[in-house]
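Source file: input07.json. Holds: JSON, N, CA and C atoms.
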```
[["chain", "number", "residue", "atom", "x", "y", "z"],
["F", 1453, "MET", "N", -3.63, -16.50, 3.34],
["F", 1453, "MET", "CA", -3.84, -15.25, 4.04],
["F", 1453, "MET", "C", -3.72, -14.10, 3.06],
["F", 1454, "ASN", "N", -4.54, -13.08, 3.26],
["F", 1454, "ASN", "CA", -4.44, -11.85, 2.48],
["F", 1454, "ASN", "C", -3.49, -10.90, 3.19],
["F", 1455, "ILE", "N", -2.73, -10.17, 2.41],
["F", 1455, "ILE", "CA", -1.83, -9.16, 2.94],
["F", 1455, "ILE", "C", -2.17, -7.86, 2.22],
["F", 1456, "VAL", "N", -2.54, -6.85, 2.99],
["F", 1456, "VAL", "CA", -2.87, -5.56, 2.41],
["F", 1456, "VAL", "C", -1.80, -4.56, 2.82],
["F", 1457, "ILE", "N", -1.13, -4.02, 1.83],
["F", 1457, "ILE", "CA", -0.11, -2.99, 2.05],
["F", 1457, "ILE", "C", -0.82, -1.65, 1.88],
["F", 1458, "MET", "N", -0.88, -0.90, 2.97],
["F", 1458, "MET", "CA", -1.61, 0.37, 2.99],
["F", 1458, "MET", "C", -0.73, 1.48, 2.41],
["F", 1459, "ALA", "N", -1.19, 2.08, 1.31],
["F", 1459, "ALA", "CA", -0.39, 3.09, 0.61],
["F", 1459, "ALA", "C", -1.24, 4.27, 0.15],
["F", 1460, "GLY", "N", -2.17, 4.69, 0.98],
["F", 1460, "GLY", "CA", -3.07, 5.76, 0.56],
["F", 1460, "GLY", "C", -2.99, 7.03, 1.37],
["F", 1461, "GLY", "N", -1.95, 7.17, 2.13],
["F", 1461, "GLY", "CA", -1.84, 8.34, 3.01],
["F", 1461, "GLY", "C", -1.58, 9.63, 2.25],
["F", 1462, "MET", "N", -1.67, 10.71, 2.98],
["F", 1462, "MET", "CA", -1.47, 12.04, 2.40],
["F", 1462, "MET", "C", 0.00, 12.41, 2.28],
["F", 1463, "GLY", "N", 0.87, 11.77, 3.05],
["F", 1463, "GLY", "CA", 2.29, 12.13, 3.01],
["F", 1463, "GLY", "C", 2.53, 13.55, 3.47],
["F", 1464, "SER", "N", 1.70, 14.01, 4.41],
["F", 1464, "SER", "CA", 1.74, 15.42, 4.80],
["F", 1464, "SER", "C", 3.04, 15.84, 5.47],
["F", 1465, "ARG", "N", 3.66, 14.97, 6.23],
["F", 1465, "ARG", "CA", 4.91, 15.36, 6.89],
["F", 1465, "ARG", "C", 6.04, 15.59, 5.89],
["F", 1466, "LEU", "N", 5.99, 14.86, 4.78],
["F", 1466, "LEU", "CA", 7.02, 15.01, 3.74],
["F", 1466, "LEU", "C", 6.54, 15.85, 2.57],
["F", 1467, "LEU", "N", 5.28, 16.28, 2.62],
["F", 1467, "LEU", "CA", 4.67, 17.04, 1.52],
["F", 1467, "LEU", "C", 4.74, 16.26, 0.22],
["F", 1468, "ASN", "N", 4.53, 14.93, 0.32],
["F", 1468, "ASN", "CA", 4.62, 14.06, -0.84],
["F", 1468, "ASN", "C", 3.61, 12.93, -0.69],
["F", 1469, "PRO", "N", 2.48, 12.99, -1.42],
["F", 1469, "PRO", "CA", 1.50, 11.92, -1.33],
["F", 1469, "PRO", "C", 1.99, 10.59, -1.88],
["F", 1470, "ASN", "N", 3.09, 10.60, -2.61],
["F", 1470, "ASN", "CA", 3.66, 9.36, -3.13],
["F", 1470, "ASN", "C", 4.80, 8.86, -2.23],
["F", 1471, "LYS", "N", 4.67, 9.11, -0.94],
["F", 1471, "LYS", "CA", 5.69, 8.72, 0.03],
["F", 1471, "LYS", "C", 6.12, 7.25, -0.09],
["F", 1472, "PRO", "N", 5.21, 6.30, -0.36],
["F", 1472, "PRO", "CA", 5.64, 4.91, -0.48],
["F", 1472, "PRO", "C", 6.68, 4.67, -1.58],
["F", 1473, "LEU", "N", 6.72, 5.58, -2.55],
["F", 1473, "LEU", "CA", 7.66, 5.41, -3.67],
["F", 1473, "LEU", "C", 9.02, 6.06, -3.42],
["F", 1474, "ILE", "N", 9.20, 6.66, -2.26],
["F", 1474, "ILE", "CA", 10.49, 7.29, -1.94],
["F", 1474, "ILE", "C", 11.56, 6.21, -1.84],
["F", 1475, "ASN", "N", 12.67, 6.47, -2.47],
["F", 1475, "ASN", "CA", 13.79, 5.54, -2.54],
["F", 1475, "ASN", "C", 14.55, 5.53, -1.21],
["F", 1476, "VAL", "N", 14.79, 4.32, -0.71],
["F", 1476, "VAL", "CA", 15.61, 4.11, 0.48],
["F", 1476, "VAL", "C", 16.67, 3.08, 0.12],
["F", 1477, "CYS", "N", 17.90, 3.54, -0.01],
["F", 1477, "CYS", "CA", 19.02, 2.65, -0.31],
["F", 1477, "CYS", "C", 18.78, 1.81, -1.56],
["F", 1478, "GLY", "N", 18.27, 2.43, -2.61],
["F", 1478, "GLY", "CA", 18.14, 1.75, -3.89],
["F", 1478, "GLY", "C", 16.79, 1.13, -4.22],
["F", 1479, "LYS", "N", 15.87, 1.10, -3.25],
["F", 1479, "LYS", "CA", 14.53, 0.55, -3.50],
["F", 1479, "LYS", "C", 13.51, 1.45, -2.82],
["F", 1480, "SER", "N", 12.33, 1.51, -3.42],
["F", 1480, "SER", "CA", 11.27, 2.30, -2.80],
["F", 1480, "SER", "C", 10.81, 1.60, -1.52],
["F", 1481, "MET", "N", 10.24, 2.40, -0.61],
["F", 1481, "MET", "CA", 9.76, 1.83, 0.65],
["F", 1481, "MET", "C", 8.71, 0.75, 0.40],
["F", 1482, "ILE", "N", 7.78, 0.99, -0.52],
["F", 1482, "ILE", "CA", 6.74, 0.01, -0.77],
["F", 1482, "ILE", "C", 7.31, -1.28, -1.36],
["F", 1483, "GLU", "N", 8.34, -1.16, -2.17],
["F", 1483, "GLU", "CA", 8.98, -2.36, -2.72],
["F", 1483, "GLU", "C", 9.63, -3.18, -1.62],
["F", 1484, "ARG", "N", 10.28, -2.51, -0.67],
["F", 1484, "ARG", "CA", 10.91, -3.22, 0.44],
["F", 1484, "ARG", "C", 9.86, -3.96, 1.28],
["F", 1485, "VAL", "N", 8.72, -3.31, 1.52],
["F", 1485, "VAL", "CA", 7.65, -3.95, 2.28],
["F", 1485, "VAL", "C", 7.09, -5.13, 1.50],
["F", 1486, "ALA", "N", 6.84, -4.94, 0.21],
["F", 1486, "ALA", "CA", 6.29, -6.02, -0.62],
["F", 1486, "ALA", "C", 7.23, -7.23, -0.66],
["F", 1487, "LEU", "N", 8.52, -6.98, -0.76],
["F", 1487, "LEU", "CA", 9.48, -8.08, -0.77],
["F", 1487, "LEU", "C", 9.51, -8.81, 0.58],
["F", 1488, "ALA", "N", 9.33, -8.07, 1.66],
["F", 1488, "ALA", "CA", 9.35, -8.68, 3.00],
["F", 1488, "ALA", "C", 8.18, -9.62, 3.23],
["F", 1489, "VAL", "N", 7.03, -9.37, 2.59],
["F", 1489, "VAL", "CA", 5.86, -10.22, 2.81],
["F", 1489, "VAL", "C", 5.68, -11.26, 1.70],
["F", 1490, "ASN", "N", 6.55, -11.23, 0.71],
["F", 1490, "ASN", "CA", 6.46, -12.17, -0.40],
["F", 1490, "ASN", "C", 6.47, -13.61, 0.12],
["F", 1491, "GLY", "N", 5.48, -14.37, -0.32],
["F", 1491, "GLY", "CA", 5.40, -15.78, 0.07],
["F", 1491, "GLY", "C", 4.49, -16.05, 1.25],
["F", 1492, "PHE", "N", 3.98, -15.01, 1.91],
["F", 1492, "PHE", "CA", 3.11, -15.21, 3.06],
["F", 1492, "PHE", "C", 1.63, -15.26, 2.68],
["F", 1493, "GLY", "N", 1.30, -14.89, 1.46],
["F", 1493, "GLY", "CA", -0.08, -14.89, 1.02],
["F", 1493, "GLY", "C", -0.25, -13.97, -0.17],
["F", 1494, "LYS", "N", -1.49, -13.75, -0.55],
["F", 1494, "LYS", "CA", -1.78, -12.86, -1.68],
["F", 1494, "LYS", "C", -1.69, -11.42, -1.20],
["F", 1495, "ALA", "N", -0.82, -10.65, -1.85],
["F", 1495, "ALA", "CA", -0.62, -9.25, -1.46],
["F", 1495, "ALA", "C", -1.42, -8.32, -2.34],
["F", 1496, "TYR", "N", -2.01, -7.34, -1.70],
["F", 1496, "TYR", "CA", -2.78, -6.29, -2.35],
["F", 1496, "TYR", "C", -2.17, -4.95, -1.96],
["F", 1497, "ILE", "N", -2.37, -3.94, -2.80],
["F", 1497, "ILE", "CA", -1.96, -2.58, -2.47],
["F", 1497, "ILE", "C", -3.24, -1.76, -2.31],
["F", 1498, "ALA", "N", -3.44, -1.19, -1.12],
["F", 1498, "ALA", "CA", -4.61, -0.34, -0.87],
["F", 1498, "ALA", "C", -4.18, 1.12, -0.96],
["F", 1499, "THR", "N", -4.88, 1.87, -1.79],
["F", 1499, "THR", "CA", -4.57, 3.28, -1.96],
["F", 1499, "THR", "C", -5.83, 4.02, -2.39],
["F", 1500, "THR", "N", -5.70, 5.27, -2.73],
["F", 1500, "THR", "CA", -6.84, 6.05, -3.18],
["F", 1500, "THR", "C", -6.67, 6.39, -4.66],
["F", 1501, "ALA", "N", -7.74, 6.80, -5.28],
["F", 1501, "ALA", "CA", -7.71, 7.12, -6.71],
["F", 1501, "ALA", "C", -6.75, 8.26, -7.02],
["F", 1502, "ARG", "N", -6.47, 9.12, -6.06],
["F", 1502, "ARG", "CA", -5.59, 10.26, -6.32],
["F", 1502, "ARG", "C", -4.10, 9.87, -6.34],
["F", 1503, "HIS", "N", -3.77, 8.65, -5.97],
["F", 1503, "HIS", "CA", -2.37, 8.19, -5.95],
["F", 1503, "HIS", "C", -2.03, 7.41, -7.23],
["F", 1504, "THR", "N", -2.09, 8.08, -8.35],
["F", 1504, "THR", "CA", -1.90, 7.39, -9.63],
["F", 1504, "THR", "C", -0.51, 6.78, -9.77],
["F", 1505, "GLU", "N", 0.51, 7.40, -9.21],
["F", 1505, "GLU", "CA", 1.85, 6.83, -9.33],
["F", 1505, "GLU", "C", 1.96, 5.53, -8.54],
["F", 1506, "VAL", "N", 1.34, 5.47, -7.37],
["F", 1506, "VAL", "CA", 1.34, 4.23, -6.58],
["F", 1506, "VAL", "C", 0.53, 3.16, -7.31],
["F", 1507, "ILE", "N", -0.61, 3.54, -7.85],
["F", 1507, "ILE", "CA", -1.44, 2.59, -8.60],
["F", 1507, "ILE", "C", -0.66, 2.03, -9.78],
["F", 1508, "ASN", "N", 0.00, 2.89, -10.54],
["F", 1508, "ASN", "CA", 0.78, 2.42, -11.68],
["F", 1508, "ASN", "C", 1.92, 1.51, -11.25],
["F", 1509, "TRP", "N", 2.62, 1.86, -10.17],
["F", 1509, "TRP", "CA", 3.71, 1.03, -9.66],
["F", 1509, "TRP", "C", 3.18, -0.36, -9.34],
["F", 1510, "ALA", "N", 2.06, -0.43, -8.62],
["F", 1510, "ALA", "CA", 1.50, -1.70, -8.19],
["F", 1510, "ALA", "C", 1.05, -2.55, -9.38],
["F", 1511, "ARG", "N", 0.33, -1.96, -10.29],
["F", 1511, "ARG", "CA", -0.19, -2.72, -11.43],
["F", 1511, "ARG", "C", 0.93, -3.21, -12.35],
["F", 1512, "GLN", "N", 1.97, -2.41, -12.51],
["F", 1512, "GLN", "CA", 3.11, -2.83, -13.33],
["F", 1512, "GLN", "C", 3.81, -4.05, -12.75],
["F", 1513, "ARG", "N", 3.66, -4.26, -11.47],
["F", 1513, "ARG", "CA", 4.30, -5.39, -10.79],
["F", 1513, "ARG", "C", 3.33, -6.53, -10.50],
["F", 1514, "GLY", "N", 2.12, -6.41, -11.02],
["F", 1514, "GLY", "CA", 1.15, -7.50, -10.91],
["F", 1514, "GLY", "C", 0.32, -7.53, -9.63],
["F", 1515, "TYR", "N", 0.34, -6.46, -8.85],
["F", 1515, "TYR", "CA", -0.46, -6.42, -7.64],
["F", 1515, "TYR", "C", -1.87, -5.95, -7.96],
["F", 1516, "GLU", "N", -2.83, -6.54, -7.28],
["F", 1516, "GLU", "CA", -4.20, -6.05, -7.38],
["F", 1516, "GLU", "C", -4.30, -4.82, -6.49],
["F", 1517, "VAL", "N", -4.92, -3.77, -7.01],
["F", 1517, "VAL", "CA", -5.03, -2.51, -6.29],
["F", 1517, "VAL", "C", -6.44, -2.40, -5.70],
["F", 1518, "LEU", "N", -6.50, -2.06, -4.42],
["F", 1518, "LEU", "CA", -7.76, -1.81, -3.75],
["F", 1518, "LEU", "C", -7.92, -0.30, -3.62],
["F", 1519, "ILE", "N", -8.93, 0.25, -4.24],
["F", 1519, "ILE", "CA", -9.15, 1.70, -4.18],
["F", 1519, "ILE", "C", -10.09, 1.98, -3.01],
["F", 1520, "THR", "N", -9.57, 2.72, -2.03],
["F", 1520, "THR", "CA", -10.35, 3.08, -0.86],
["F", 1520, "THR", "C", -10.75, 4.56, -0.95],
["F", 1521, "SER", "N", -11.61, 4.97, -0.03],
["F", 1521, "SER", "CA", -12.11, 6.35, -0.06],
["F", 1521, "SER", "C", -11.06, 7.37, 0.36],
["F", 1522, "GLY", "N", -10.11, 6.97, 1.16],
["F", 1522, "GLY", "CA", -9.10, 7.91, 1.64],
["F", 1522, "GLY", "C", -9.62, 8.83, 2.72],
["F", 1523, "THR", "N", -10.73, 8.46, 3.34],
["F", 1523, "THR", "CA", -11.33, 9.28, 4.39],
["F", 1523, "THR", "C", -10.41, 9.36, 5.61],
["F", 1524, "ASP", "N", -10.00, 8.20, 6.11],
["F", 1524, "ASP", "CA", -8.99, 8.13, 7.16],
["F", 1524, "ASP", "C", -8.49, 6.69, 7.23],
["F", 1525, "TYR", "N", -7.40, 6.50, 7.95],
["F", 1525, "TYR", "CA", -6.72, 5.21, 7.96],
["F", 1525, "TYR", "C", -7.63, 4.07, 8.42],
["F", 1526, "SER", "N", -8.35, 4.28, 9.53],
["F", 1526, "SER", "CA", -9.19, 3.21, 10.05],
["F", 1526, "SER", "C", -10.32, 2.85, 9.08],
["F", 1527, "LYS", "N", -10.90, 3.82, 8.43],
["F", 1527, "LYS", "CA", -11.96, 3.52, 7.44],
["F", 1527, "LYS", "C", -11.37, 2.81, 6.23],
["F", 1528, "ASP", "N", -10.16, 3.21, 5.81],
["F", 1528, "ASP", "CA", -9.52, 2.53, 4.69],
["F", 1528, "ASP", "C", -9.19, 1.07, 5.04],
["F", 1529, "LEU", "N", -8.79, 0.82, 6.30],
["F", 1529, "LEU", "CA", -8.56, -0.56, 6.74],
["F", 1529, "LEU", "C", -9.83, -1.38, 6.61],
["F", 1530, "LEU", "N", -10.93, -0.84, 7.12],
["F", 1530, "LEU", "CA", -12.20, -1.55, 7.06],
["F", 1530, "LEU", "C", -12.65, -1.77, 5.62],
["F", 1531, "GLU", "N", -12.55, -0.75, 4.79],
["F", 1531, "GLU", "CA", -12.93, -0.89, 3.38],
["F", 1531, "GLU", "C", -12.12, -2.00, 2.72],
["F", 1532, "SER", "N", -10.83, -2.02, 2.99],
["F", 1532, "SER", "CA", -9.96, -3.04, 2.40],
["F", 1532, "SER", "C", -10.34, -4.43, 2.89],
["F", 1533, "LEU", "N", -10.60, -4.56, 4.19],
["F", 1533, "LEU", "CA", -11.00, -5.85, 4.74],
["F", 1533, "LEU", "C", -12.29, -6.35, 4.11],
["F", 1534, "LEU", "N", -13.23, -5.45, 3.90],
["F", 1534, "LEU", "CA", -14.49, -5.85, 3.27],
["F", 1534, "LEU", "C", -14.28, -6.28, 1.82],
["F", 1535, "MET", "N", -13.26, -5.74, 1.17],
["F", 1535, "MET", "CA", -12.97, -6.12, -0.22],
["F", 1535, "MET", "C", -12.31, -7.49, -0.33],
["F", 1536, "VAL", "N", -11.42, -7.83, 0.60],
["F", 1536, "VAL", "CA", -10.64, -9.07, 0.46],
["F", 1536, "VAL", "C", -11.05, -10.17, 1.42],
["F", 1537, "GLY", "N", -11.71, -9.84, 2.52],
["F", 1537, "GLY", "CA", -12.13, -10.82, 3.51],
["F", 1537, "GLY", "C", -11.01, -11.19, 4.48],
["F", 1538, "ALA", "N", -11.36, -12.05, 5.41],
["F", 1538, "ALA", "CA", -10.42, -12.48, 6.44],
["F", 1538, "ALA", "C", -9.93, -13.89, 6.12],
["F", 1539, "PRO", "N", -8.78, -14.27, 6.60],
["F", 1539, "PRO", "CA", -7.85, -13.52, 7.43],
["F", 1539, "PRO", "C", -7.01, -12.57, 6.59],
["F", 1540, "THR", "N", -6.73, -11.42, 7.16],
["F", 1540, "THR", "CA", -5.95, -10.40, 6.47],
["F", 1540, "THR", "C", -4.95, -9.77, 7.43],
["F", 1541, "MET", "N", -3.73, -9.60, 6.94],
["F", 1541, "MET", "CA", -2.70, -8.88, 7.68],
["F", 1541, "MET", "C", -2.51, -7.53, 6.99],
["F", 1542, "PHE", "N", -2.49, -6.46, 7.76],
["F", 1542, "PHE", "CA", -2.29, -5.12, 7.22],
["F", 1542, "PHE", "C", -0.91, -4.62, 7.56],
["F", 1543, "ILE", "N", -0.25, -4.01, 6.57],
["F", 1543, "ILE", "CA", 1.11, -3.50, 6.77],
["F", 1543, "ILE", "C", 1.20, -2.12, 6.12],
["F", 1544, "PRO", "N", 1.76, -1.14, 6.84],
["F", 1544, "PRO", "CA", 1.95, 0.17, 6.22],
["F", 1544, "PRO", "C", 3.06, 0.12, 5.17],
["F", 1545, "SER", "N", 2.89, 0.89, 4.13],
["F", 1545, "SER", "CA", 3.86, 0.87, 3.02],
["F", 1545, "SER", "C", 5.11, 1.69, 3.31],
["F", 1546, "ASP", "N", 5.07, 2.45, 4.39],
["F", 1546, "ASP", "CA", 6.22, 3.33, 4.67],
["F", 1546, "ASP", "C", 7.05, 2.86, 5.85],
["F", 1547, "MET", "N", 7.09, 1.55, 6.05],
["F", 1547, "MET", "CA", 7.90, 0.95, 7.11],
["F", 1547, "MET", "C", 8.86, -0.06, 6.49],
["F", 1548, "PRO", "N", 9.83, 0.42, 5.73],
["F", 1548, "PRO", "CA", 10.72, -0.53, 5.03],
["F", 1548, "PRO", "C", 11.53, -1.36, 6.00],
["F", 1549, "SER", "N", 11.80, -2.59, 5.59],
["F", 1549, "SER", "CA", 12.59, -3.49, 6.44],
["F", 1549, "SER", "C", 14.06, -3.20, 6.31]]
```
Starting from the coordinates I provided, produce the structure as structure tokens.
Amino acid sequence: MNIVIMAGGMGSRLLNPNKPLINVCGKSMIERVALAVNGFGKAYIATTARHTEVINWARQRGYEVLITSGTDYSKDLLESLLMVGAPTMFIPSDMPS
């Protein structure tokens, strides 16, 4: 199974487009999500080209990065699905376990 961690949002409520990298109790939110899905399939990080810190975080840890248009969440989901195929599970990067 493919697992796509969605990390391309604007972070408008926090005024921080790198919201997935915010530290929660010693680990970033995206790291907590990635650890929670470890072993369930191949994990990808979906983001936009403007999120260079998220891209660097993902690549440094060996994740394949899916660059989406960033138009809106539903379009980014579809773009990601077309890149990796089915079956795919989508998980937001800002929902740490």
**OP:** Find the spatial neighbours of Gly1537 in chain F, counting only C-alpha atoms, within a cut-off of 12 Å - ignore same-chain residues fewer than 2 positions away - and output them as a PyMOL selection string.
**Re:** chain F and resi 1453-1456+1494+1496+1529-1535+1539-1542
**OP:** Based on DSSP run over this structure's backbone, return all residues of range 1484-1515 of chain F in helix (DSSP H, G or I), as a PyMOL selection string.
**Re:** chain F and resi 1484-1489+1504-1512
**OP:** Find the residues near range 1502-1509 of chain F: any atom within 12 Å, counting only C-alpha atoms, skip ones fewer than 4 places away on the same chain, and give them as a VMD selection string.
**Re:** chain F and resid 1457 to 1463 1468 to 1474 1480 to 1483 1486 1496 to 1498 1513 to 1522 1545
**OP:** Please indicate the distance in Å from atom C of Lys1479 in chain F to CA of Pro1544 in chain F, rounded to one decimal place.
**Re:**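 Between atom C of Lys1479 in chain F and CA of Pro1544 in chain F the gap is 14.7 Å.
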**OP:** Find the distance between atom N of Ala1495 in chain F and atom N of Tyr1525 in chain F and write it in Å to one decimal.
**Re:**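 These atoms are spaced 20.8 Å apart.
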**OP:** Enter the distance from CA of Ala1510 in chain F to CA of Ser1526 in chain F, in Å, rounded to one decimal.
**Re:**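 It comes out at 21.7 Å.
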Original post:
Where does DSSP see strand (DSSP E or B) in range 1454-1505 of chain F, if you list the residues as a list in words?
Top reply: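 For range 1454-1505 of chain F, the strand (DSSP E or B) set is Asn1454, Ile1455, Val1456, Ile1457, Met1458, Asn1475, Val1476, Lys1479, Ser1480, Lys1494, Ala1495, Tyr1496, Ile1497, Ala1498, Thr1499 and Thr1500 of chain F.
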Output as a PDB file, keeping the file's coordinate frame: range 1506-1516 of chain F, completed with all heavy atoms.
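The resulting file, part-v5.pdb, is shown below:
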```pdb
ATOM      1  N   VAL F1506       1.340   5.470  -7.370  1.00  0.00           N
ATOM      2  CA  VAL F1506       1.340   4.230  -6.580  1.00  0.00           C
ATOM      3  C   VAL F1506       0.530   3.160  -7.310  1.00  0.00           C
ATOM      4  O   VAL F1506       0.952   2.002  -7.389  1.00  0.00           O
ATOM      5  CB  VAL F1506       0.789   4.493  -5.163  1.00  0.00           C
ATOM      6  CG1 VAL F1506       0.599   3.193  -4.404  1.00  0.00           C
ATOM      7  CG2 VAL F1506       1.702   5.437  -4.391  1.00  0.00           C
ATOM      8  N   ILE F1507      -0.610   3.540  -7.850  1.00  0.00           N
ATOM      9  CA  ILE F1507      -1.440   2.590  -8.600  1.00  0.00           C
ATOM     10  C   ILE F1507      -0.660   2.030  -9.780  1.00  0.00           C
ATOM     11  O   ILE F1507      -0.645   0.806 -10.002  1.00  0.00           O
ATOM     12  CB  ILE F1507      -2.748   3.271  -9.074  1.00  0.00           C
ATOM     13  CG1 ILE F1507      -3.637   3.610  -7.882  1.00  0.00           C
ATOM     14  CG2 ILE F1507      -3.484   2.399 -10.084  1.00  0.00           C
ATOM     15  CD1 ILE F1507      -4.795   4.530  -8.207  1.00  0.00           C
ATOM     16  N   ASN F1508       0.000   2.890 -10.540  1.00  0.00           N
ATOM     17  CA  ASN F1508       0.780   2.420 -11.680  1.00  0.00           C
ATOM     18  C   ASN F1508       1.920   1.510 -11.250  1.00  0.00           C
ATOM     19  O   ASN F1508       2.165   0.478 -11.878  1.00  0.00           O
ATOM     20  CB  ASN F1508       1.333   3.614 -12.477  1.00  0.00           C
ATOM     21  CG  ASN F1508       0.242   4.385 -13.184  1.00  0.00           C
ATOM     22  OD1 ASN F1508      -0.828   3.858 -13.457  1.00  0.00           O
ATOM     23  ND2 ASN F1508       0.510   5.652 -13.464  1.00  0.00           N
ATOM     24  N   TRP F1509       2.620   1.860 -10.170  1.00  0.00           N
ATOM     25  CA  TRP F1509       3.710   1.030  -9.660  1.00  0.00           C
ATOM     26  C   TRP F1509       3.180  -0.360  -9.340  1.00  0.00           C
ATOM     27  O   TRP F1509       3.766  -1.375  -9.736  1.00  0.00           O
ATOM     28  CB  TRP F1509       4.322   1.661  -8.401  1.00  0.00           C
ATOM     29  CG  TRP F1509       5.419   0.840  -7.809  1.00  0.00           C
ATOM     30  CD1 TRP F1509       6.747   0.943  -8.089  1.00  0.00           C
ATOM     31  CD2 TRP F1509       5.284  -0.240  -6.876  1.00  0.00           C
ATOM     32  NE1 TRP F1509       7.455  -0.010  -7.373  1.00  0.00           N
ATOM     33  CE2 TRP F1509       6.565  -0.741  -6.629  1.00  0.00           C
ATOM     34  CE3 TRP F1509       4.202  -0.832  -6.230  1.00  0.00           C
ATOM     35  CZ2 TRP F1509       6.809  -1.800  -5.757  1.00  0.00           C
ATOM     36  CZ3 TRP F1509       4.429  -1.897  -5.369  1.00  0.00           C
ATOM     37  CH2 TRP F1509       5.715  -2.368  -5.131  1.00  0.00           C
ATOM     38  N   ALA F1510       2.060  -0.430  -8.620  1.00  0.00           N
ATOM     39  CA  ALA F1510       1.500  -1.700  -8.190  1.00  0.00           C
ATOM     40  C   ALA F1510       1.050  -2.550  -9.380  1.00  0.00           C
ATOM     41  O   ALA F1510       1.374  -3.743  -9.457  1.00  0.00           O
ATOM     42  CB  ALA F1510       0.327  -1.458  -7.237  1.00  0.00           C
ATOM     43  N   ARG F1511       0.330  -1.960 -10.290  1.00  0.00           N
ATOM     44  CA  ARG F1511      -0.190  -2.720 -11.430  1.00  0.00           C
ATOM     45  C   ARG F1511       0.930  -3.210 -12.350  1.00  0.00           C
ATOM     46  O   ARG F1511       0.856  -4.308 -12.895  1.00  0.00           O
ATOM     47  CB  ARG F1511      -1.195  -1.878 -12.203  1.00  0.00           C
ATOM     48  CG  ARG F1511      -2.496  -1.731 -11.424  1.00  0.00           C
ATOM     49  CD  ARG F1511      -3.551  -0.995 -12.183  1.00  0.00           C
ATOM     50  NE  ARG F1511      -4.802  -0.980 -11.423  1.00  0.00           N
ATOM     51  CZ  ARG F1511      -5.718  -0.055 -11.535  1.00  0.00           C
ATOM     52  NH1 ARG F1511      -5.572   0.932 -12.411  1.00  0.00           N
ATOM     53  NH2 ARG F1511      -6.813  -0.113 -10.806  1.00  0.00           N
ATOM     54  N   GLN F1512       1.970  -2.410 -12.510  1.00  0.00           N
ATOM     55  CA  GLN F1512       3.110  -2.830 -13.330  1.00  0.00           C
ATOM     56  C   GLN F1512       3.810  -4.050 -12.750  1.00  0.00           C
ATOM     57  O   GLN F1512       4.457  -4.796 -13.466  1.00  0.00           O
ATOM     58  CB  GLN F1512       4.118  -1.689 -13.488  1.00  0.00           C
ATOM     59  CG  GLN F1512       3.642  -0.584 -14.390  1.00  0.00           C
ATOM     60  CD  GLN F1512       4.539   0.644 -14.336  1.00  0.00           C
ATOM     61  OE1 GLN F1512       5.521   0.702 -13.599  1.00  0.00           O
ATOM     62  NE2 GLN F1512       4.174   1.666 -15.105  1.00  0.00           N
ATOM     63  N   ARG F1513       3.660  -4.260 -11.470  1.00  0.00           N
ATOM     64  CA  ARG F1513       4.300  -5.390 -10.790  1.00  0.00           C
ATOM     65  C   ARG F1513       3.330  -6.530 -10.500  1.00  0.00           C
ATOM     66  O   ARG F1513       3.665  -7.472  -9.798  1.00  0.00           O
ATOM     67  CB  ARG F1513       4.981  -4.903  -9.525  1.00  0.00           C
ATOM     68  CG  ARG F1513       6.242  -4.128  -9.874  1.00  0.00           C
ATOM     69  CD  ARG F1513       6.632  -3.138  -8.805  1.00  0.00           C
ATOM     70  NE  ARG F1513       7.806  -2.367  -9.233  1.00  0.00           N
ATOM     71  CZ  ARG F1513       7.761  -1.313 -10.039  1.00  0.00           C
ATOM     72  NH1 ARG F1513       6.617  -0.911 -10.538  1.00  0.00           N
ATOM     73  NH2 ARG F1513       8.859  -0.676 -10.381  1.00  0.00           N
ATOM     74  N   GLY F1514       2.120  -6.410 -11.020  1.00  0.00           N
ATOM     75  CA  GLY F1514       1.150  -7.500 -10.910  1.00  0.00           C
ATOM     76  C   GLY F1514       0.320  -7.530  -9.630  1.00  0.00           C
ATOM     77  O   GLY F1514      -0.342  -8.528  -9.363  1.00  0.00           O
ATOM     78  N   TYR F1515       0.340  -6.460  -8.850  1.00  0.00           N
ATOM     79  CA  TYR F1515      -0.460  -6.420  -7.640  1.00  0.00           C
ATOM     80  C   TYR F1515      -1.870  -5.950  -7.960  1.00  0.00           C
ATOM     81  O   TYR F1515      -2.063  -5.066  -8.792  1.00  0.00           O
ATOM     82  CB  TYR F1515       0.138  -5.465  -6.596  1.00  0.00           C
ATOM     83  CG  TYR F1515       1.443  -5.946  -6.035  1.00  0.00           C
ATOM     84  CD1 TYR F1515       2.643  -5.445  -6.514  1.00  0.00           C
ATOM     85  CD2 TYR F1515       1.474  -6.913  -5.037  1.00  0.00           C
ATOM     86  CE1 TYR F1515       3.850  -5.888  -6.009  1.00  0.00           C
ATOM     87  CE2 TYR F1515       2.676  -7.360  -4.530  1.00  0.00           C
ATOM     88  CZ  TYR F1515       3.860  -6.849  -5.021  1.00  0.00           C
ATOM     89  OH  TYR F1515       5.048  -7.294  -4.527  1.00  0.00           O
ATOM     90  N   GLU F1516      -2.830  -6.540  -7.280  1.00  0.00           N
ATOM     91  CA  GLU F1516      -4.200  -6.050  -7.380  1.00  0.00           C
ATOM     92  C   GLU F1516      -4.300  -4.820  -6.490  1.00  0.00           C
ATOM     93  O   GLU F1516      -3.816  -4.819  -5.353  1.00  0.00           O
ATOM     94  CB  GLU F1516      -5.180  -7.119  -6.920  1.00  0.00           C
ATOM     95  CG  GLU F1516      -6.614  -6.734  -7.127  1.00  0.00           C
ATOM     96  CD  GLU F1516      -7.582  -7.857  -6.813  1.00  0.00           C
ATOM     97  OE1 GLU F1516      -7.197  -9.038  -6.920  1.00  0.00           O
ATOM     98  OE2 GLU F1516      -8.727  -7.531  -6.462  1.00  0.00           O
TER      99      GLU F1516
END
```
